[in-house]
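Listing of entry_18.pdb, PDB, C-alpha atoms and all ligand atoms
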ATOM      1  CA  MET A   1      75.325  36.300  -6.078
ATOM      2  CA  THR A   2      74.298  37.314  -2.602
ATOM      3  CA  ALA A   3      71.069  39.284  -2.228
ATOM      4  CA  ILE A   4      71.140  39.807   1.538
ATOM      5  CA  ALA A   5      74.131  39.444   3.850
ATOM      6  CA  VAL A   6      73.683  40.153   7.544
ATOM      7  CA  GLU A   7      76.720  39.999   9.807
ATOM      8  CA  ASN A   8      76.706  40.236  13.570
ATOM      9  CA  LEU A   9      73.486  42.277  13.601
ATOM     10  CA  SER A  10      72.502  43.303  17.100
ATOM     11  CA  LYS A  11      69.820  45.677  18.283
ATOM     12  CA  ARG A  12      69.007  46.729  21.789
ATOM     13  CA  PHE A  13      65.879  48.702  22.686
ATOM     14  CA  GLY A  14      66.566  50.010  26.170
ATOM     15  CA  ARG A  15      67.070  46.880  28.247
ATOM     16  CA  LYS A  16      65.601  44.577  25.605
ATOM     17  CA  GLN A  17      68.113  42.801  23.365
ATOM     18  CA  ALA A  18      65.863  42.333  20.331
ATOM     19  CA  LEU A  19      68.600  40.970  18.039
ATOM     20  CA  ALA A  20      71.833  39.415  19.265
ATOM     21  CA  GLY A  21      74.578  38.786  16.704
ATOM     22  CA  VAL A  22      72.451  37.624  13.770
ATOM     23  CA  ASP A  23      74.400  36.194  10.823
ATOM     24  CA  LEU A  24      72.689  35.096   7.631
ATOM     25  CA  THR A  25      73.183  35.090   3.882
ATOM     26  CA  ILE A  26      70.453  34.784   1.287
ATOM     27  CA  GLY A  27      71.312  34.170  -2.359
ATOM     28  CA  ARG A  28      69.605  35.900  -5.272
ATOM     29  CA  GLY A  29      66.453  34.098  -6.314
ATOM     30  CA  GLU A  30      65.966  32.236  -3.047
ATOM     31  CA  MET A  31      62.637  32.128  -1.219
ATOM     32  CA  VAL A  32      63.341  31.797   2.484
ATOM     33  CA  ALA A  33      60.998  31.619   5.463
ATOM     34  CA  LEU A  34      61.728  33.348   8.743
ATOM     35  CA  ILE A  35      59.957  31.806  11.692
ATOM     36  CA  GLY A  36      59.955  32.320  15.418
ATOM     37  CA  ALA A  37      57.631  32.622  18.368
ATOM     38  CA  SER A  38      56.156  35.989  19.229
ATOM     39  CA  GLY A  39      58.848  38.463  20.276
ATOM     40  CA  SER A  40      61.722  36.437  18.778
ATOM     41  CA  GLY A  41      62.825  39.374  16.611
ATOM     42  CA  LYS A  42      61.384  38.621  13.151
ATOM     43  CA  SER A  43      59.941  42.095  12.497
ATOM     44  CA  THR A  44      62.992  43.808  13.931
ATOM     45  CA  LEU A  45      65.235  41.819  11.596
ATOM     46  CA  MET A  46      62.980  42.582   8.619
ATOM     47  CA  ARG A  47      62.985  46.311   9.414
ATOM     48  CA  HIS A  48      66.787  46.336   9.525
ATOM     49  CA  ILE A  49      67.101  44.498   6.212
ATOM     50  CA  ALA A  50      64.576  46.933   4.714
ATOM     51  CA  GLY A  51      66.778  49.811   5.868
ATOM     52  CA  LEU A  52      64.111  51.225   8.165
ATOM     53  CA  GLU A  53      66.176  50.756  11.293
ATOM     54  CA  ARG A  54      69.870  50.862  12.177
ATOM     55  CA  GLY A  55      71.667  48.172  14.127
ATOM     56  CA  ASP A  56      74.092  48.641  16.995
ATOM     57  CA  ALA A  57      77.865  49.002  16.678
ATOM     58  CA  GLY A  58      79.502  46.004  15.017
ATOM     59  CA  SER A  59      76.516  45.249  12.786
ATOM     60  CA  LEU A  60      76.803  44.982   9.013
ATOM     61  CA  ILE A  61      74.122  44.545   6.348
ATOM     62  CA  GLU A  62      74.904  44.257   2.644
ATOM     63  CA  ILE A  63      72.235  44.289  -0.039
ATOM     64  CA  LEU A  64      73.156  43.012  -3.504
ATOM     65  CA  GLY A  65      76.829  43.341  -2.633
ATOM     66  CA  ASN A  66      76.613  46.957  -1.414
ATOM     67  CA  VAL A  67      76.880  48.151   2.164
ATOM     68  CA  GLN A  68      73.402  49.138   3.318
ATOM     69  CA  GLN A  69      74.514  49.859   6.878
ATOM     70  CA  ARG A  70      77.566  49.332   9.029
ATOM     71  CA  ASP A  71      78.036  50.110  12.711
ATOM     72  CA  GLY A  72      74.644  51.838  12.846
ATOM     73  CA  ARG A  73      75.311  54.109   9.881
ATOM     74  CA  TYR A  74      73.707  53.866   6.492
ATOM     75  CA  GLY A  75      76.003  53.339   3.499
ATOM     76  CA  ALA A  76      76.300  55.802   0.606
ATOM     77  CA  ASP A  77      74.104  53.623  -1.654
ATOM     78  CA  MET A  78      71.222  53.527   0.791
ATOM     79  CA  ARG A  79      68.791  55.493  -1.389
ATOM     80  CA  ASN A  80      69.302  53.257  -4.414
ATOM     81  CA  LEU A  81      69.137  50.128  -2.304
ATOM     82  CA  ARG A  82      65.756  51.152  -0.896
ATOM     83  CA  GLY A  83      64.410  50.984  -4.442
ATOM     84  CA  ASP A  84      65.680  47.420  -4.773
ATOM     85  CA  ILE A  85      63.654  46.272  -1.786
ATOM     86  CA  GLY A  86      59.880  45.923  -1.760
ATOM     87  CA  VAL A  87      58.260  45.538   1.627
ATOM     88  CA  ILE A  88      54.830  44.272   2.564
ATOM     89  CA  PHE A  89      53.499  44.083   6.076
ATOM     90  CA  GLN A  90      50.717  42.253   7.805
ATOM     91  CA  GLN A  91      48.520  45.341   7.614
ATOM     92  CA  PHE A  92      48.570  48.964   6.514
ATOM     93  CA  ASN A  93      49.934  48.110   3.093
ATOM     94  CA  LEU A  94      47.697  50.403   1.075
ATOM     95  CA  VAL A  95      46.248  53.904   1.302
ATOM     96  CA  ALA A  96      42.613  53.014   1.935
ATOM     97  CA  ARG A  97      40.929  56.001   0.265
ATOM     98  CA  LEU A  98      42.938  55.789  -2.987
ATOM     99  CA  PRO A  99      42.080  53.557  -5.947
ATOM    100  CA  VAL A 100      44.010  50.295  -6.077
ATOM    101  CA  ILE A 101      45.804  51.343  -9.276
ATOM    102  CA  THR A 102      47.129  54.500  -7.594
ATOM    103  CA  ASN A 103      48.403  52.410  -4.711
ATOM    104  CA  VAL A 104      50.163  50.105  -7.143
ATOM    105  CA  LEU A 105      51.614  53.086  -9.028
ATOM    106  CA  CYS A 106      53.158  54.272  -5.756
ATOM    107  CA  GLY A 107      55.732  51.578  -6.497
ATOM    108  CA  ILE A 108      57.362  53.821  -9.101
ATOM    109  CA  LEU A 109      57.555  56.963  -6.940
ATOM    110  CA  GLY A 110      61.253  56.377  -6.295
ATOM    111  CA  ARG A 111      61.958  56.381 -10.035
ATOM    112  CA  ILE A 112      60.001  59.433 -11.224
ATOM    113  CA  SER A 113      60.389  63.148 -10.605
ATOM    114  CA  ALA A 114      59.011  64.596  -7.386
ATOM    115  CA  TRP A 115      56.472  66.813  -9.175
ATOM    116  CA  ARG A 116      55.021  63.880 -11.121
ATOM    117  CA  GLY A 117      54.697  61.933  -7.904
ATOM    118  CA  THR A 118      53.155  64.867  -6.028
ATOM    119  CA  PHE A 119      50.489  65.483  -8.673
ATOM    120  CA  GLY A 120      49.924  61.812  -9.414
ATOM    121  CA  PHE A 121      50.874  62.263 -13.063
ATOM    122  CA  PHE A 122      51.471  58.805 -14.431
ATOM    123  CA  THR A 123      51.965  57.936 -18.090
ATOM    124  CA  ARG A 124      49.712  55.582 -20.004
ATOM    125  CA  ALA A 125      52.537  53.024 -20.131
ATOM    126  CA  GLU A 126      52.896  53.210 -16.351
ATOM    127  CA  ARG A 127      49.167  52.699 -15.830
ATOM    128  CA  ILE A 128      49.217  49.720 -18.191
ATOM    129  CA  ALA A 129      52.177  48.281 -16.262
ATOM    130  CA  ALA A 130      50.211  48.669 -13.024
ATOM    131  CA  ILE A 131      47.192  46.854 -14.444
ATOM    132  CA  GLU A 132      49.463  44.122 -15.797
ATOM    133  CA  ALA A 133      51.001  43.748 -12.338
ATOM    134  CA  LEU A 134      47.523  43.399 -10.868
ATOM    135  CA  GLY A 135      46.899  40.748 -13.510
ATOM    136  CA  ARG A 136      50.051  38.923 -12.412
ATOM    137  CA  VAL A 137      48.663  38.656  -8.897
ATOM    138  CA  GLY A 138      45.223  37.646 -10.137
ATOM    139  CA  ILE A 139      43.125  40.759  -9.406
ATOM    140  CA  PRO A 140      43.106  43.053 -12.498
ATOM    141  CA  GLU A 141      39.388  43.702 -12.073
ATOM    142  CA  VAL A 142      39.837  45.678  -8.845
ATOM    143  CA  ALA A 143      42.148  48.319 -10.384
ATOM    144  CA  TRP A 144      39.666  51.197 -10.082
ATOM    145  CA  GLN A 145      38.141  50.266  -6.730
ATOM    146  CA  ARG A 146      39.118  52.068  -3.581
ATOM    147  CA  ALA A 147      41.686  50.047  -1.660
ATOM    148  CA  SER A 148      39.383  50.059   1.372
ATOM    149  CA  THR A 149      36.878  47.892  -0.510
ATOM    150  CA  LEU A 150      39.341  45.017  -0.969
ATOM    151  CA  SER A 151      39.488  41.940   1.203
ATOM    152  CA  GLY A 152      42.617  41.331   3.265
ATOM    153  CA  GLY A 153      43.991  38.797   0.781
ATOM    154  CA  GLN A 154      43.333  41.119  -2.169
ATOM    155  CA  GLN A 155      45.079  43.959  -0.340
ATOM    156  CA  GLN A 156      48.158  41.811   0.146
ATOM    157  CA  ARG A 157      48.138  40.844  -3.510
ATOM    158  CA  ALA A 158      47.817  44.518  -4.533
ATOM    159  CA  ALA A 159      50.807  45.283  -2.285
ATOM    160  CA  ILE A 160      52.767  42.555  -4.067
ATOM    161  CA  ALA A 161      51.737  44.123  -7.415
ATOM    162  CA  ARG A 162      53.186  47.405  -6.146
ATOM    163  CA  THR A 163      56.559  45.730  -5.580
ATOM    164  CA  LEU A 164      56.410  44.365  -9.152
ATOM    165  CA  VAL A 165      55.848  47.881 -10.494
ATOM    166  CA  GLN A 166      58.669  49.067  -8.259
ATOM    167  CA  ARG A 167      60.840  46.449 -10.012
ATOM    168  CA  SER A 168      62.306  45.531  -6.677
ATOM    169  CA  LYS A 169      64.801  42.694  -6.675
ATOM    170  CA  ILE A 170      64.123  41.653  -3.096
ATOM    171  CA  LEU A 171      60.736  41.269  -1.468
ATOM    172  CA  LEU A 172      60.475  41.340   2.306
ATOM    173  CA  ALA A 173      57.089  40.121   3.472
ATOM    174  CA  ASP A 174      56.592  40.568   7.207
ATOM    175  CA  GLU A 175      53.835  38.217   8.346
ATOM    176  CA  PRO A 176      51.821  38.830   5.159
ATOM    177  CA  ILE A 177      49.283  36.105   5.945
ATOM    178  CA  ALA A 178      48.868  36.490   9.697
ATOM    179  CA  SER A 179      45.457  38.190   9.370
ATOM    180  CA  LEU A 180      44.056  35.977   6.632
ATOM    181  CA  ASP A 181      41.852  32.922   6.542
ATOM    182  CA  PRO A 182      43.625  29.754   5.289
ATOM    183  CA  ALA A 183      42.330  29.954   1.694
ATOM    184  CA  SER A 184      43.382  33.593   1.285
ATOM    185  CA  ALA A 185      46.694  32.867   2.993
ATOM    186  CA  ARG A 186      47.464  30.139   0.469
ATOM    187  CA  ARG A 187      46.638  32.436  -2.435
ATOM    188  CA  VAL A 188      49.017  35.084  -1.152
ATOM    189  CA  MET A 189      51.742  32.465  -0.620
ATOM    190  CA  ASP A 190      51.061  31.086  -4.128
ATOM    191  CA  VAL A 191      51.588  34.568  -5.580
ATOM    192  CA  LEU A 192      54.835  35.041  -3.630
ATOM    193  CA  ALA A 193      56.103  31.652  -4.807
ATOM    194  CA  ASP A 194      55.085  32.446  -8.366
ATOM    195  CA  ILE A 195      56.912  35.763  -8.578
ATOM    196  CA  ASN A 196      59.931  34.196  -6.889
ATOM    197  CA  ARG A 197      59.985  31.497  -9.551
ATOM    198  CA  SER A 198      59.054  33.473 -12.638
ATOM    199  CA  GLU A 199      60.581  36.894 -11.894
ATOM    200  CA  GLY A 200      63.565  35.504  -9.975
ATOM    201  CA  MET A 201      62.701  37.848  -7.122
ATOM    202  CA  THR A 202      64.432  37.038  -3.842
ATOM    203  CA  VAL A 203      61.764  36.584  -1.161
ATOM    204  CA  LEU A 204      62.187  36.601   2.600
ATOM    205  CA  VAL A 205      58.852  35.938   4.273
ATOM    206  CA  SER A 206      58.245  35.861   8.001
ATOM    207  CA  LEU A 207      55.592  33.423   9.096
ATOM    208  CA  HIS A 208      53.955  32.356  12.273
ATOM    209  CA  GLN A 209      53.045  28.894  11.096
ATOM    210  CA  VAL A 210      55.794  26.543  10.107
ATOM    211  CA  GLU A 211      53.455  24.575   7.816
ATOM    212  CA  TYR A 212      53.539  27.384   5.266
ATOM    213  CA  ALA A 213      57.319  27.388   5.421
ATOM    214  CA  ARG A 214      57.412  23.644   4.763
ATOM    215  CA  VAL A 215      55.045  23.919   1.791
ATOM    216  CA  TYR A 216      56.410  27.075   0.153
ATOM    217  CA  CYS A 217      60.052  27.540   1.097
ATOM    218  CA  ASP A 218      62.963  25.129   0.717
ATOM    219  CA  ARG A 219      64.863  26.916   3.444
ATOM    220  CA  THR A 220      63.823  28.279   6.830
ATOM    221  CA  ILE A 221      65.664  30.478   9.266
ATOM    222  CA  ALA A 222      64.370  30.233  12.833
ATOM    223  CA  LEU A 223      64.872  32.943  15.433
ATOM    224  CA  ARG A 224      64.638  32.659  19.197
ATOM    225  CA  ASP A 225      65.360  35.539  21.551
ATOM    226  CA  GLY A 226      66.997  37.519  18.756
ATOM    227  CA  LYS A 227      69.363  34.721  17.691
ATOM    228  CA  VAL A 228      69.363  32.368  14.722
ATOM    229  CA  VAL A 229      68.729  28.924  16.183
ATOM    230  CA  TYR A 230      68.190  27.074  12.905
ATOM    231  CA  ASP A 231      69.042  27.727   9.263
ATOM    232  CA  GLY A 232      68.422  24.846   6.905
ATOM    233  CA  PRO A 233      65.870  22.796   4.994
ATOM    234  CA  SER A 234      62.266  23.521   5.961
ATOM    235  CA  ASP A 235      61.510  19.783   5.743
ATOM    236  CA  ALA A 236      63.681  19.148   8.779
ATOM    237  CA  LEU A 237      61.437  21.271  11.007
ATOM    238  CA  SER A 238      59.353  18.459  12.416
ATOM    239  CA  ASP A 239      57.008  19.156  15.311
ATOM    240  CA  THR A 240      59.463  17.343  17.601
ATOM    241  CA  PHE A 241      62.353  19.483  16.434
ATOM    242  CA  LEU A 242      60.257  22.628  16.929
ATOM    243  CA  THR A 243      59.569  21.579  20.497
ATOM    244  CA  GLU A 244      63.315  21.137  21.006
ATOM    245  CA  LEU A 245      63.880  24.648  19.648
ATOM    246  CA  TYR A 246      61.039  26.487  21.335
ATOM    247  CA  GLY A 247      59.680  24.322  24.126
ATOM    248  CA  ALA A 248      56.028  25.089  24.913
ATOM    249  CA  ALA A 249      56.135  28.178  22.664
ATOM    250  CA  SER A 250      56.348  25.821  19.652
ATOM    251  CA  GLU A 251      52.561  25.373  19.864
ATOM    252  CA  GLU A 252      51.997  28.820  18.407
ATOM    253  CA  LEU A 253      54.037  27.826  15.338
ATOM    254  CA  VAL A 254      51.929  24.837  14.350
ATOM    255  CA  LEU A 255      48.535  24.943  12.660
ATOM    256  CA  PRO A 256      45.772  22.816  14.147
ATOM    257  CA  GLN A 257      45.117  21.222  10.746
ATOM    258  CA  LYS A 258      47.469  20.061   7.983
ATOM    259  CA  LEU A 259      47.890  22.166   4.845
ATOM    260  CA  PRO A 260      47.348  20.552   1.444
ATOM    261  CA  VAL A 261      50.496  19.972  -0.598
ATOM    262  CA  ARG A 262      51.176  22.804  -3.052
ATOM    263  CA  GLY A 263      49.253  22.397  -6.289
ATOM    264  CA  GLU A 264      46.886  19.884  -4.695
ATOM    265  CA  ALA A 265      43.188  20.486  -5.359
ATOM    266  CA  ARG A 266      41.874  22.963  -2.835
ATOM    267  CA  PRO A 267      38.389  23.815  -1.786
ATOM    268  CA  ALA A 268      36.995  26.900  -3.497
ATOM    269  CA  GLU A 269      38.166  30.035  -1.796
ATOM    270  CA  THR A 270      35.722  31.372   0.678
ATOM    271  CA  SER A 271      35.324  35.122   0.809
ATOM    272  CA  ASP A 272      38.513  36.726   2.024
ATOM    273  CA  ARG A 273      38.366  38.027   5.506
ATOM    274  CA  ARG A 274      38.429  41.824   5.637
ATOM    275  CA  ALA A 275      41.770  43.384   6.436
ATOM    276  CA  GLY A 276      42.354  44.574   9.939
ATOM    277  CA  VAL A 277      41.277  41.393  11.630
ATOM    278  CA  ARG A 278      43.093  40.692  14.857
ATOM    279  CA  LYS A 279      46.587  39.301  14.510
ATOM    280  CA  LYS A 280      47.395  35.594  14.497
ATOM    281  CA  THR A 281      43.920  34.304  13.710
ATOM    282  CA  LEU A 282      45.433  31.014  12.563
ATOM    283  CA  GLN A 283      46.780  30.123  15.961
ATOM    284  CA  PRO A 284      45.289  27.219  17.772
ATOM    285  CA  ALA A 285      42.871  28.333  20.445
TER     286      ALA A 285
HETATM  287  N1  LIG B   1      60.713  49.936  18.927
HETATM  288  C1  LIG B   1      60.839  49.074  19.950
HETATM  289  N2  LIG B   1      61.020  49.510  21.200
HETATM  290  C2  LIG B   1      61.169  48.651  22.226
HETATM  291  N3  LIG B   1      61.137  47.293  22.102
HETATM  292  C3  LIG B   1      60.949  46.805  20.878
HETATM  293  C4  LIG B   1      60.791  47.656  19.745
HETATM  294  N4  LIG B   1      60.622  46.864  18.632
HETATM  295  C5  LIG B   1      60.671  45.589  19.075
HETATM  296  N5  LIG B   1      60.873  45.554  20.400
HETATM  297  C6  LIG B   1      60.994  44.349  21.227
HETATM  298  O1  LIG B   1      61.923  43.500  20.601
HETATM  299  C7  LIG B   1      61.492  42.140  20.692
HETATM  300  C8  LIG B   1      61.341  41.559  19.290
HETATM  301  O2  LIG B   1      60.221  42.154  18.687
HETATM  302  P1  LIG B   1      59.737  41.797  17.211
HETATM  303  O3  LIG B   1      58.521  42.627  16.930
HETATM  304  O4  LIG B   1      60.864  41.907  16.284
HETATM  305  O5  LIG B   1      59.351  40.252  17.374
HETATM  306  P2  LIG B   1      58.522  39.330  16.396
HETATM  307  O6  LIG B   1      59.221  38.030  16.340
HETATM  308  O7  LIG B   1      58.290  40.032  15.101
HETATM  309  O8  LIG B   1      57.169  39.172  17.206
HETATM  310  P3  LIG B   1      55.651  38.997  16.676
HETATM  311  O9  LIG B   1      55.599  37.674  16.015
HETATM  312  O10 LIG B   1      54.847  39.044  17.924
HETATM  313  O11 LIG B   1      55.364  40.137  15.751
HETATM  314  C9  LIG B   1      60.197  42.146  21.474
HETATM  315  O12 LIG B   1      60.483  41.878  22.822
HETATM  316  C10 LIG B   1      59.697  43.564  21.298
HETATM  317  O13 LIG B   1      58.915  43.965  22.407
END
Once you've parsed the file, please lay out its structure as structure tokens.
Ligand SMILES: Nc1ncnc2c1ncn2[C@@H]1O[C@H](COP(=O)(O)OP(=O)(O)OP(=O)(O)O)[C@@H](O)[C@H]1O
Amino acid sequence: MTAIAVENLSKRFGRKQALAGVDLTIGRGEMVALIGASGSGKSTLMRHIAGLERGDAGSLIEILGNVQQRDGRYGADMRNLRGDIGVIFQQFNLVARLPVITNVLCGILGRISAWRGTFGFFTRAERIAAIEALGRVGIPEVAWQRASTLSGGQQQRAAIARTLVQRSKILLADEPIASLDPASARRVMDVLADINRSEGMTVLVSLHQVEYARVYCDRTIALRDGKVVYDGPSDALSDTFLTELYGAASEELVLPQKLPVRGEARPAETSDRRAGVRKKTLQPA
């Protein structure tokens, strides 16, 4: 079954053609990487799939077989479909002053009555589910801490826990590791891969470094100037091929050092870098 179907998606911002006739289909249970140099349209595509933005005339997006938007208008099922999609961003994933557990519980706001959400009235079962979700991502001990006290990697994992509590079927992760040091980045990618495998959650993750795509995703979709220029096995994205696709801009897609193979022994994680660090810290100088 198809999780995400995008047909002829175009988006113009003034004179800038951010997306130009994007076609792609992602099956349920797939974990797919989206790569592209800066400004290639990754975030714009993610925002459209999340239902946060509407495409231009002629565009069609279907989520789980239902029309999410067509010709710049949202479909009738839009509200329900929003609940099926969990979104995490590079930053600003959590409300800093609230405890982590409350942030995670925000995942169920779409399913409970407005008054319960407004007053933060959550049942014992819901709180237990939130702590279990934090356990799934490896950080149950931070449940009662303020979100602002978490490292960047922990914040991303808490945001993933929120999507588990939301029971979303699709997870869109827009550059979730761009602000993290390599050890924290791998942990976040490990968690994404784990919930993809064990929960069957469809994952679309945009990445700046193609190495992570090669290690974690069988399939990569590459964007350039708002168009899909490659859609196929991540293994095929050799450095030479990347240069063919992106020219000099390919340098920003390659890490200076090789990543260990998944599951290979890794050095102990150093302390996670605090969230809010400047974007693209993994780029070569
Ligand atoms: N709201 C907007 N208004 C005007 N232009 C926009 C808007 N959003 C995106 N763009 C432009 O569309 C193009 C694609 O932007 P987008 O953020 O999707 O790229 P990206 O691949 O995610 O880049 P990065 O890796 O740097 O985040 C860029 O030229 C950007 O300036």
Distance criterion (only C-alpha atoms and all ligand atoms): nearest to ligand LIG 1 (chain B) out of A:Ala236, A:Val205, A:Ile63, A:Leu81 = A:Val205
A:Ala50, A:Ala143, A:Leu223, A:Ala193: which is nearest ligand LIG 1 (chain B), counting all atoms listed in the file?
->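 The closest residue to ligand LIG 1 (chain B) is A:Leu223.
Put simply, CA of Ala129 in chain A is 27.3 Å away from CA of Val32 in chain A.
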Report the closest atom pair, with its distance in Å rounded to one decimal, for each residue of chain A that has an atom no farther than 7 Å from ligand LIG 1 (chain B); count only C-alpha atoms and all ligand atoms, sort by chain and then rising residue number, and write it as a tab-separated table.
residue	atom	partner	partner_atom	distance
A:Phe13	CA	B:LIG1	C2	4.7
A:Gly14	CA	B:LIG1	C2	6.8
A:Lys16	CA	B:LIG1	N3	6.3
A:Gln17	CA	B:LIG1	O1	6.8
A:Ala18	CA	B:LIG1	O1	4.1
A:Gly36	CA	B:LIG1	O6	5.8
A:Ala37	CA	B:LIG1	O9	5.9
A:Ser38	CA	B:LIG1	O10	3.6
A:Gly39	CA	B:LIG1	O5	3.4
A:Ser40	CA	B:LIG1	O6	3.8
A:Gly41	CA	B:LIG1	O4	3.2
A:Lys42	CA	B:LIG1	O6	3.9
A:Ser43	CA	B:LIG1	O7	3.7
A:Thr44	CA	B:LIG1	O4	3.7
A:Leu45	CA	B:LIG1	O4	6.4
A:His208	CA	B:LIG1	O9	6.7
A:Gly226	CA	B:LIG1	C8	7.0
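Distance annotation: of A:Ile112, A:Ala3, A:Ala147, A:Val210, the residue with the minimal separation from Leu172 in chain A is A:Ala3; atom set is all atoms listed in the file.
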Which distance in Å separates CA of Val188 in chain A and CA of Asp235 in chain A, to one decimal?
->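 We find that CA of Val188 in chain A and CA of Asp235 in chain A lie 20.9 Å from each other.
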Within-10 Å shell of (58.7, 33.8, 5.9) in input frame, all atoms listed in the file, as a ChimeraX atom specification = /A:31-36,42,172-177,189,203-210,212-213,216-217,219-222
